[in-house]
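Structure record follows, encoded as structure tokens.
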Amino acid sequence: MQTKWMILSAGVLTATTFAAVVAWRFAIFCAPYAWTQEPSLLREVLDVKEGDSIADIGAGDGALAIELARVVGANGRVYASDISAERQRDIAARASRERFAQVLVVKGLVDATNLPHGCCDAIYMRAVFHHIQDQRAFARSIADGVRPGGRVAIIDFPPGGLWFHGSDHGVTAEAVIAAFDEADMVLTQRIDNWGGGMFLLRFEAKSKAITSVGSSK
């Protein structure tokens, strides 16, 4: 009887652990940023400061862009782009409600950022890069948008990394690194456990040695 209860308890524990992992991987895509603390973590990785100009490529409803707009302040600028006209309206409406005049909505393009040349101190993409067809061309466009010494963060997930997206949805870290290598941007940080099954890759527009590979947040 004791053995049977031990087996049952182990099964329940395993199932509970698995459910918790699955729930976290899904929740990070829909949970409020106040829960995940992702904006503050991204701010630290990209060294975003008051007065900086940054860009959110594929900004969706603009929630993350608004959180970073709080960091750059009224003297900074946040370019928030999306390819969807509906999403562009969502971003504009959110920025208006929050009274963030420093958030500028940009019409996203399929093969380029559509950002002004050298406009940003930092650019980031969250769960978007895997949608890009010509990743090398897009990486070059991102590189064109950052100033000398500018930083870029790509947050994404590997194929099969998120069960609810399917086994063929995602991009490998190696593919992202190769694309930015051709754009003359150097990998300076790699975080494989960014959260929710995603990784973060940080690049800079000037040569630097890798400072952190596979580190935690």
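Chain identifiers are assigned as A, B, and so on, following the order in which chains appear in the structure tokens; residues are numbered from 1 within each chain, and ligands are numbered from 1 in order of appearance.
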
(Q) At a cut-off of 12 Å, using only C-alpha atoms, what residues contact region 42-45 of chain A? Leave out same-chain residues fewer than 6 positions from it and give the result as a PyMOL selection string. (A) chain A and resi 33+36+52+54+56+64-65+67-72+121-126+151-155+188-191+194-195+200-204+211-212+216-217

DSSP-assigned helix (DSSP H, G or I) among region 116-200 of chain A, expressed as a PyMOL selection string: chain A and resi 129-131+135-145+163-165+173-182

*Extract, using only C-alpha atoms, all DNA, RNA and protein residues at most 8 Å from His117 (chain A), discarding same-chain residues fewer than 4 positions from it, and format them as a PyMOL selection string.*
chain A and resi 144-146

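CA of Asn114 (chain A) to CA of Val128 (chain A) spans 15.4 Å [interatomic distance, one decimal].
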
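Using only C-alpha atoms, the shortest contact distance between Val171 (chain A) and any of A:Ala127, A:Ile142, A:Ala183, A:Val48 is found at A:Ala127.
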
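Take CA of Gly76 (chain A) and CA of Lys49 (chain A): the distance between them is 8.7 Å.
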
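By chain and then residue number, the residues within 10 Å of Glu182 (chain A) are Arg136, Ala137, Ala139, Arg140 and Ile177 of chain A, counting only C-alpha atoms and disregarding those fewer than 5 positions away in sequence.
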
With distances taken over only C-alpha atoms, the candidate from A:Ala95, A:Leu109, A:Ala101, A:Ala63 nearest Ile83 (chain A) is A:Leu109

Among A:Phe157, A:Val176, A:Gly170, A:Ala55, Phe199 (chain A) is approached most closely, using only C-alpha atoms, by A:Phe157

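Taking only C-alpha atoms into account, Met185 (chain A) lies nearest to A:Ala143 out of the set A:Met198, A:Leu41, A:Ala143, A:Gly160.
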
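Every protein or nucleic acid residue with an atom no more than 10 Å from Ala93 (chain A), counting only C-alpha atoms and leaving out same-chain residues fewer than 5 positions away, appears here: Asp61, Gly62, Arg87, Gln88, Glu98 and Arg99 of chain A.
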
Report task. Might you pull out every residue within 9 Å of Ile91 (chain A), with only C-alpha atoms counted and same-chain residues fewer than 5 positions away left off, and present them as a PyMOL selection string? Result -> chain A and resi 59-63+65-66+80-82+86+96+103-105

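Pairwise distance (CA of Asp111 (chain A), CA of Phe129 (chain A)) equals 11.2 Å.
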